[in-house]
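Raw upload32.txt, compact mmCIF, C-alpha atoms:
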```
# COMPACT_ATOMS: atom_id res chain seq x y z
CA MET A 18 6.71 -92.25 -251.63
CA SER A 19 5.59 -94.71 -254.26
CA ALA A 20 7.88 -95.78 -257.06
CA ARG A 21 5.89 -93.76 -259.62
CA ALA A 22 6.01 -90.64 -257.48
CA GLY A 23 9.72 -91.12 -257.02
CA VAL A 24 10.28 -91.30 -260.78
CA PHE A 25 8.17 -88.15 -261.23
CA ALA A 26 10.20 -86.33 -258.59
CA VAL A 27 13.46 -87.33 -260.25
CA SER A 28 12.08 -86.28 -263.63
CA CYS A 29 11.07 -82.85 -262.28
CA SER A 30 14.37 -82.35 -260.53
CA ARG A 31 16.13 -82.99 -263.85
CA GLU A 32 13.97 -80.53 -265.80
CA GLN A 33 14.82 -77.49 -263.70
CA PRO A 34 18.60 -77.57 -264.12
CA LYS A 35 18.13 -78.34 -267.81
CA GLY A 36 16.26 -75.06 -268.33
CA ALA A 37 18.86 -73.16 -266.37
CA MET A 38 21.58 -74.88 -268.35
CA THR A 39 19.93 -73.84 -271.61
CA LEU A 40 19.85 -70.22 -270.51
CA GLN A 41 23.48 -70.46 -269.57
CA ARG A 42 24.21 -72.01 -272.96
CA GLU A 43 22.45 -69.08 -274.67
CA ARG A 44 24.56 -66.64 -272.71
CA GLN A 45 27.68 -68.53 -273.69
CA LEU A 46 26.64 -68.52 -277.32
CA ASN A 47 25.90 -64.81 -277.19
CA GLN A 48 29.33 -64.20 -275.70
CA PHE A 49 30.96 -66.39 -278.33
CA LEU A 50 29.21 -64.68 -281.23
CA ALA A 51 29.92 -61.23 -279.83
CA GLY A 52 33.58 -62.12 -279.64
CA VAL A 53 33.85 -63.57 -283.11
CA GLU A 54 31.46 -61.45 -285.20
CA ARG A 55 33.79 -58.57 -286.11
CA ARG A 56 36.63 -60.79 -287.18
CA ALA A 57 34.21 -63.04 -289.05
CA LEU A 58 32.86 -60.05 -290.92
CA ARG A 59 36.31 -58.92 -292.05
CA PHE A 60 37.15 -62.53 -292.86
CA ALA A 61 34.12 -62.81 -295.13
CA GLU A 62 34.62 -59.32 -296.52
CA ILE A 63 38.16 -60.09 -297.63
CA ALA A 64 36.89 -63.25 -299.30
CA VAL A 65 33.89 -61.79 -301.15
CA ARG A 66 34.99 -58.12 -301.34
CA ASP A 67 31.56 -56.79 -300.51
CA ARG A 68 30.47 -55.68 -297.06
CA ASP A 69 26.74 -56.25 -297.46
CA ASP A 70 27.26 -59.74 -298.79
CA ALA A 71 29.76 -60.38 -295.99
CA LEU A 72 27.21 -59.26 -293.40
CA ASP A 73 24.63 -61.62 -294.87
CA LEU A 74 27.10 -64.49 -294.83
CA VAL A 75 28.02 -63.86 -291.20
CA GLN A 76 24.38 -63.65 -290.19
CA ASP A 77 23.61 -66.94 -291.94
CA ALA A 78 26.56 -68.59 -290.21
CA MET A 79 25.39 -67.28 -286.83
CA ILE A 80 21.87 -68.57 -287.35
CA LYS A 81 23.01 -71.98 -288.54
CA LEU A 82 25.38 -72.34 -285.62
CA ALA A 83 22.65 -71.37 -283.15
CA ARG A 84 20.08 -73.61 -284.81
CA ASN A 85 22.18 -76.73 -285.29
CA TYR A 86 25.19 -76.65 -283.01
CA ALA A 87 24.21 -74.71 -279.89
CA GLU A 88 24.32 -77.92 -277.86
CA GLN A 89 27.82 -78.82 -279.03
CA PRO A 90 30.73 -78.30 -276.61
CA GLU A 91 31.77 -74.67 -276.53
CA ASP A 92 35.35 -75.35 -277.61
CA GLU A 93 34.01 -76.78 -280.89
CA TRP A 94 32.08 -73.65 -281.82
CA THR A 95 34.97 -71.74 -283.38
CA PRO A 96 35.95 -74.32 -286.03
CA LEU A 97 32.27 -75.16 -286.60
CA PHE A 98 31.37 -71.51 -287.07
CA TYR A 99 34.17 -70.93 -289.54
CA ARG A 100 33.29 -74.11 -291.39
CA ILE A 101 29.74 -72.85 -291.83
CA LEU A 102 31.07 -69.47 -292.90
CA GLN A 103 33.50 -71.08 -295.36
CA ASN A 104 30.70 -73.11 -296.89
CA GLY A 105 28.65 -69.95 -297.24
CA ILE A 106 31.55 -68.20 -298.95
CA ARG A 107 32.02 -71.11 -301.36
CA ASP A 108 28.33 -71.05 -302.20
CA TRP A 109 28.63 -67.31 -302.77
CA TYR A 110 31.48 -67.93 -305.24
CA ARG A 111 29.43 -70.55 -307.07
CA ARG A 112 26.52 -68.15 -307.40
CA GLN A 113 28.86 -65.41 -308.62
CA MET A 114 30.32 -67.73 -311.25
CA VAL A 115 26.88 -68.64 -312.53
CA ARG A 116 25.83 -65.01 -312.53
CA ASN A 117 28.95 -63.94 -314.40
CA ARG A 118 28.44 -66.67 -317.00
CA VAL A 119 24.89 -65.48 -317.54
CA MET A 120 26.04 -61.87 -317.79
CA VAL A 121 28.70 -62.80 -320.35
CA TRP A 122 26.13 -64.79 -322.32
CA PHE A 123 23.90 -61.71 -322.44
CA GLY A 124 26.86 -59.61 -323.58
CA ARG A 125 27.60 -57.89 -320.29
CA GLY A 126 30.91 -58.73 -318.74
CA ALA A 127 31.43 -59.15 -315.03
CA GLN A 128 31.70 -55.80 -313.34
CA GLU A 129 34.99 -55.12 -311.65
CA ASP A 130 34.60 -53.44 -308.30
CA ASN A 131 37.69 -51.30 -308.53
CA ASP A 132 36.18 -48.69 -306.26
CA TYR A 133 36.00 -51.17 -303.40
CA ASP A 134 37.31 -49.66 -300.18
CA PRO A 135 38.21 -52.40 -297.69
CA VAL A 136 38.84 -50.06 -294.78
CA ALA A 137 35.86 -48.13 -293.55
CA MET A 138 36.38 -44.41 -293.20
CA ALA A 139 35.86 -44.49 -289.46
CA PRO A 140 37.75 -42.52 -286.80
CA ASP A 141 40.91 -44.28 -285.74
CA PRO A 142 40.64 -45.63 -282.18
CA ALA A 143 44.43 -45.55 -281.82
CA GLY A 144 44.55 -41.84 -282.64
CA ARG A 145 46.94 -42.10 -285.57
CA SER A 146 47.52 -39.32 -288.06
CA PRO A 147 45.80 -39.38 -291.44
CA ASP A 148 49.13 -40.20 -293.11
CA GLU A 149 49.69 -43.18 -290.83
CA LEU A 150 46.14 -44.30 -291.38
CA ALA A 151 46.51 -44.00 -295.12
CA GLN A 152 49.72 -46.00 -295.00
CA THR A 153 48.11 -48.72 -292.89
CA GLY A 154 45.03 -48.73 -295.10
CA GLU A 155 47.14 -49.04 -298.21
CA ALA A 156 49.10 -51.93 -296.72
CA MET A 157 45.86 -53.66 -295.77
CA GLN A 158 44.49 -53.14 -299.25
CA GLU A 159 47.60 -54.68 -300.74
CA LEU A 160 47.34 -57.60 -298.34
CA GLU A 161 43.65 -58.09 -299.11
CA SER A 162 44.32 -57.96 -302.79
CA ALA A 163 47.13 -60.50 -302.53
CA VAL A 164 45.09 -62.79 -300.28
CA GLY A 165 42.16 -62.48 -302.67
CA ARG A 166 44.32 -63.71 -305.54
CA LEU A 167 45.32 -66.89 -303.68
CA PRO A 168 43.72 -70.18 -304.69
CA THR A 169 40.65 -70.88 -302.58
CA ARG A 170 42.12 -73.53 -300.30
CA GLN A 171 45.32 -71.56 -299.74
CA ARG A 172 43.32 -68.45 -298.93
CA GLU A 173 41.17 -70.35 -296.45
CA ALA A 174 44.18 -71.92 -294.73
CA PHE A 175 46.03 -68.61 -294.49
CA MET A 176 43.08 -66.62 -293.18
CA LEU A 177 42.03 -69.23 -290.64
CA ARG A 178 45.54 -69.77 -289.35
CA THR A 179 46.77 -66.17 -289.45
CA PHE A 180 43.74 -63.93 -289.00
CA GLU A 181 41.62 -66.15 -286.79
CA GLY A 182 44.48 -67.80 -284.95
CA LEU A 183 43.10 -71.32 -285.33
CA ASP A 184 45.57 -74.14 -284.80
CA VAL A 185 46.15 -76.79 -287.45
CA ALA A 186 43.51 -79.13 -286.02
CA GLY A 187 40.87 -76.39 -285.80
CA THR A 188 41.69 -75.18 -289.31
CA ALA A 189 41.32 -78.75 -290.58
CA VAL A 190 37.84 -78.96 -289.04
CA ALA A 191 36.88 -75.57 -290.47
CA MET A 192 38.15 -76.49 -293.93
CA GLY A 193 36.90 -80.06 -293.83
CA CYS A 194 40.25 -81.57 -294.77
CA SER A 195 43.22 -83.30 -293.16
CA GLN A 196 45.80 -81.54 -291.01
CA GLY A 197 48.47 -82.41 -293.57
CA SER A 198 46.51 -80.59 -296.25
CA VAL A 199 46.19 -77.55 -293.99
CA LYS A 200 49.97 -77.41 -293.54
CA THR A 201 50.55 -77.72 -297.27
CA HIS A 202 47.99 -75.07 -298.22
CA TYR A 203 49.23 -72.69 -295.53
CA SER A 204 52.87 -73.08 -296.50
CA ARG A 205 52.13 -72.45 -300.17
CA ALA A 206 49.97 -69.45 -299.29
CA VAL A 207 52.70 -67.82 -297.21
CA HIS A 208 55.29 -68.32 -299.92
CA THR A 209 52.96 -66.89 -302.57
CA LEU A 210 52.16 -63.89 -300.40
CA ARG A 211 55.79 -63.30 -299.57
CA ASP A 212 56.58 -63.16 -303.28
CA ALA A 213 53.56 -60.95 -304.02
CA LEU A 214 54.01 -58.52 -301.13
CA GLY A 215 57.76 -58.40 -301.06
CA GLU A 216 57.97 -55.41 -303.35
CA HIS A 217 55.36 -53.50 -301.30
CA TRP A 218 56.30 -54.43 -297.78
CA GLN A 219 59.71 -52.74 -297.64
CA MET B 208 57.30 -51.03 -293.74
CA LYS B 209 59.96 -53.55 -292.88
CA LYS B 210 60.25 -56.43 -295.32
CA PRO B 211 59.35 -59.72 -293.65
CA ASN B 212 62.32 -62.00 -293.39
CA HIS B 213 60.48 -65.22 -292.87
CA ASP B 214 57.02 -66.73 -292.74
CA GLU B 215 56.29 -65.85 -289.11
CA GLU B 216 57.11 -62.20 -289.68
CA LEU B 217 54.79 -62.00 -292.66
CA ALA B 218 52.03 -63.69 -290.69
CA ARG B 219 52.57 -61.33 -287.75
CA GLN B 220 52.36 -58.25 -289.92
CA ALA B 221 49.32 -59.57 -291.75
CA LYS B 222 47.59 -60.27 -288.45
CA GLU B 223 48.38 -56.78 -287.19
CA LEU B 224 46.82 -55.23 -290.26
CA PHE B 225 43.80 -57.50 -290.00
CA ASP B 226 43.29 -56.70 -286.31
CA ASP B 227 43.59 -53.02 -287.10
CA SER B 228 40.90 -53.23 -289.76
CA VAL B 229 38.66 -55.10 -287.31
CA GLU B 230 39.06 -52.34 -284.73
CA ARG B 231 38.15 -49.69 -287.28
CA LEU B 232 34.76 -51.08 -288.21
CA ASP B 233 32.18 -48.30 -288.19
CA ALA B 234 29.24 -48.03 -285.80
CA ALA B 235 26.61 -48.84 -288.42
CA THR B 236 28.34 -52.11 -289.25
CA LEU B 237 28.69 -53.01 -285.58
CA SER B 238 24.99 -52.31 -285.11
CA ARG B 239 24.11 -54.64 -287.97
CA LEU B 240 26.33 -57.33 -286.49
CA ASN B 241 24.59 -56.92 -283.16
CA ARG B 242 21.18 -57.28 -284.82
CA SER B 243 22.37 -60.38 -286.65
CA ARG B 244 23.53 -61.91 -283.37
CA GLN B 245 20.21 -61.19 -281.70
CA GLU B 246 18.38 -62.82 -284.59
CA ALA B 247 20.60 -65.87 -284.31
CA LEU B 248 19.88 -66.16 -280.59
CA ALA B 249 16.17 -65.71 -281.22
CA GLU B 250 16.44 -68.65 -283.60
CA ILE B 251 17.18 -70.87 -280.60
CA GLU B 252 13.97 -69.68 -278.94
CA ARG B 253 11.98 -70.31 -282.10
CA THR B 254 13.32 -73.77 -282.75
CA ARG B 255 13.49 -75.17 -279.21
CA PRO B 256 9.76 -75.87 -278.52
CA ILE B 257 9.26 -77.13 -282.05
CA GLY B 258 12.24 -79.38 -281.66
CA GLN B 259 10.94 -80.89 -278.44
CA TRP B 260 7.45 -81.42 -279.87
CA ALA B 261 8.87 -82.75 -283.09
CA ARG B 262 10.82 -85.32 -281.10
CA TRP B 263 7.58 -86.73 -279.64
CA MET B 264 5.32 -86.22 -282.65
CA PRO B 265 5.82 -89.66 -284.27
CA ALA B 266 5.16 -91.49 -281.00
CA THR B 267 2.16 -89.27 -280.23
CA GLY B 268 0.70 -89.86 -283.68
CA VAL B 269 1.10 -93.62 -283.45
CA ALA B 270 -0.47 -93.66 -279.97
CA ALA B 271 -3.43 -91.55 -281.11
CA ALA B 272 -4.02 -93.76 -284.15
CA ALA B 273 -3.90 -96.86 -281.94
CA VAL B 274 -6.47 -95.39 -279.52
CA VAL B 275 -8.82 -94.47 -282.38
CA ALA B 276 -8.45 -97.93 -283.90
CA VAL B 277 -9.25 -99.65 -280.57
CA VAL B 278 -12.30 -97.46 -279.93
CA VAL B 279 -13.71 -98.08 -283.42
CA TRP B 280 -13.07 -101.80 -283.20
CA GLN B 281 -14.68 -102.04 -279.74
CA GLY B 282 -17.73 -100.15 -280.91
CA VAL B 283 -18.27 -102.40 -283.91
CA ALA B 284 -17.71 -105.56 -281.88
CA THR B 285 -20.14 -104.77 -279.02
CA GLU B 286 -23.04 -103.04 -280.75
CA GLY B 287 -23.40 -105.31 -283.75
CA PRO B 288 -25.48 -104.34 -286.80
CA LEU B 289 -27.92 -101.51 -286.24
CA PRO B 290 -31.68 -102.24 -286.73
CA PRO B 291 -33.21 -100.74 -289.84
CA THR B 292 -34.58 -97.32 -289.14
CA ASP B 293 -37.78 -95.78 -290.36
CA SER B 294 -36.22 -92.41 -290.78
CA ALA B 295 -37.59 -91.87 -294.30
CA THR B 296 -41.16 -92.16 -293.08
CA ASP B 297 -40.55 -89.86 -290.12
CA PHE B 298 -39.06 -87.35 -292.46
CA GLU B 299 -42.07 -87.40 -294.77
CA ILE B 300 -44.41 -86.78 -291.83
CA LEU B 301 -42.32 -83.92 -290.59
CA ILE B 302 -42.21 -82.12 -293.91
CA GLY B 303 -45.75 -83.00 -294.99
CA GLU B 304 -47.90 -79.97 -295.80
CA ASP B 305 -50.98 -81.47 -294.09
CA SER B 306 -49.39 -81.60 -290.69
CA LEU B 307 -48.32 -77.98 -290.96
CA GLU B 308 -51.80 -76.92 -291.99
CA MET B 309 -53.24 -78.86 -289.08
CA LEU B 310 -51.04 -76.95 -286.71
CA GLU B 311 -52.22 -73.68 -288.24
CA ASP B 312 -55.95 -74.65 -287.89
CA LEU B 313 -55.95 -75.82 -284.33
CA GLU B 314 -59.06 -73.72 -283.59
CA PHE B 315 -60.95 -75.36 -286.46
CA TYR B 316 -60.13 -78.85 -285.28
CA GLY B 317 -61.06 -77.87 -281.72
CA TRP B 318 -64.47 -76.71 -283.01
CA ILE B 319 -65.01 -80.00 -284.90
CA ASP B 320 -64.13 -81.93 -281.81
CA SER B 321 -66.56 -79.98 -279.65
CA SER B 322 -69.35 -80.21 -282.29
CA ASP B 323 -68.84 -84.00 -282.48
CA LEU B 324 -69.27 -84.20 -278.76
CA GLU B 325 -72.43 -82.17 -278.94
CA THR B 326 -73.76 -84.29 -281.84
CA ASN B 327 -72.97 -87.50 -280.05
CA GLY B 328 -74.56 -86.12 -276.93
CA ASN B 329 -77.66 -85.19 -278.84
CA VAL B 330 -77.83 -88.51 -280.49
CA GLY B 331 -76.92 -90.40 -277.38
```
Encoded form (structure tokens):
Amino acid sequence: MSARAGVFAVSCSREQPKGAMTLQRERQLNQFLAGVERRALRFAEIAVRDRDDALDLVQDAMIKLARNYAEQPEDEWTPLFYRILQNGIRDWYRRQMVRNRVMVWFGRGAQEDNDYDPVAMAPDPAGRSPDELAQTGEAMQELESAVGRLPTRQREAFMLRTFEGLDVAGTAVAMGCSQGSVKTHYSRAVHTLRDALGEHWQ
Amino acid sequence: MKKPNHDEELARQAKELFDDSVERLDAATLSRLNRSRQEALAEIERTRPIGQWARWMPATGVAAAAVVAVVVWQGVATEGPLPPTDSATDFEILIGEDSLEMLEDLEFYGWIDSSDLETNGNVG
């Protein structure tokens, strides 16, 4: 076998596993997204208080992760995904602020969505009674409301650490800040929530 | 509900409530999430070939431009200046009305030719 033929053979033998590896990577990404999508939706929904907008944000985050970071190591996907989602949520807030300013300028104040129902009226998989469900739903609504009133960075730190179970390092990547900042924001968030929820959670 | 005594207890209760709300998502929402995931995975398929081609496009463009430049330069260097053509004259002949009429009166010119022969024969 000539040297050129040998190079060609090596090149071909590399291409085949690469294609197989890509398919495997797609399966891994599918598995990752399937595992994270529900929690990500609730995460976004608590932040923006609108399910349709939350669905759009999650879809954008999924697409951006698949488009730009599919080749990254799998253990980096979670913080990367939540960083993309966080950026999307921040952009959403900026757009809302601009929209509200425009509405105020035109004499129409920002509409309060007091009829927002954070818990979908779906059958309970755990088979609880309506009273128990109502109690749980009310507690969740109080929690969401309290979390929603937190400053942005505190809310992000609390939700990533508590709801998503990210460690300090992963939360720092997702928030784009230092680990020390994550600890500070998280600690302040917990203290604020404890004060806010204390009267309800008895 | 029991009042949380410390930070871990509050976080535990909050996580329980969050997990519960995740489990209670309705079927329509889950379906939309599934569609979103499929669209995200399809994005990989859409971008992969473009990405590979895009990686080689600058090199391919430079190589193609170099080949064109060499071919043009070689052609100019070997052939030299072209001789002046008489294309204008050829064109006038082609579009001239006389030539077209001649083609239409082939029988007439054939008769003249034969009569000349006869005349010459008579004379000669």
Could you list the residues in chain B lying within 9 Å of chain A, using all atoms listed in the file, and format the result as a ChimeraX atom specification?
/B:208-211,213-214,217-219,221-234,236-237,239-251,254-255
When you draw a straight line from atom CA of Val119 of chain A to atom CA of Arg172 of chain A, how long is it in Å?
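One can read the atom CA of Val119 of chain A to atom CA of Arg172 of chain A distance as 26.4 Å.
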What is the atom CA of Gln281 of chain B-atom CA of Ala266 of chain B distance in Å, reported with one decimal?
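Spanning atom CA of Gln281 of chain B to atom CA of Ala266 of chain B is a straight-line distance of 22.5 Å.
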One-decimal distance in Å that lies between atom CA of Leu97 of chain A and atom CA of Ala191 of chain A:
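Separating atom CA of Ala191 of chain A from atom CA of Leu97 of chain A is a distance of 6.0 Å.
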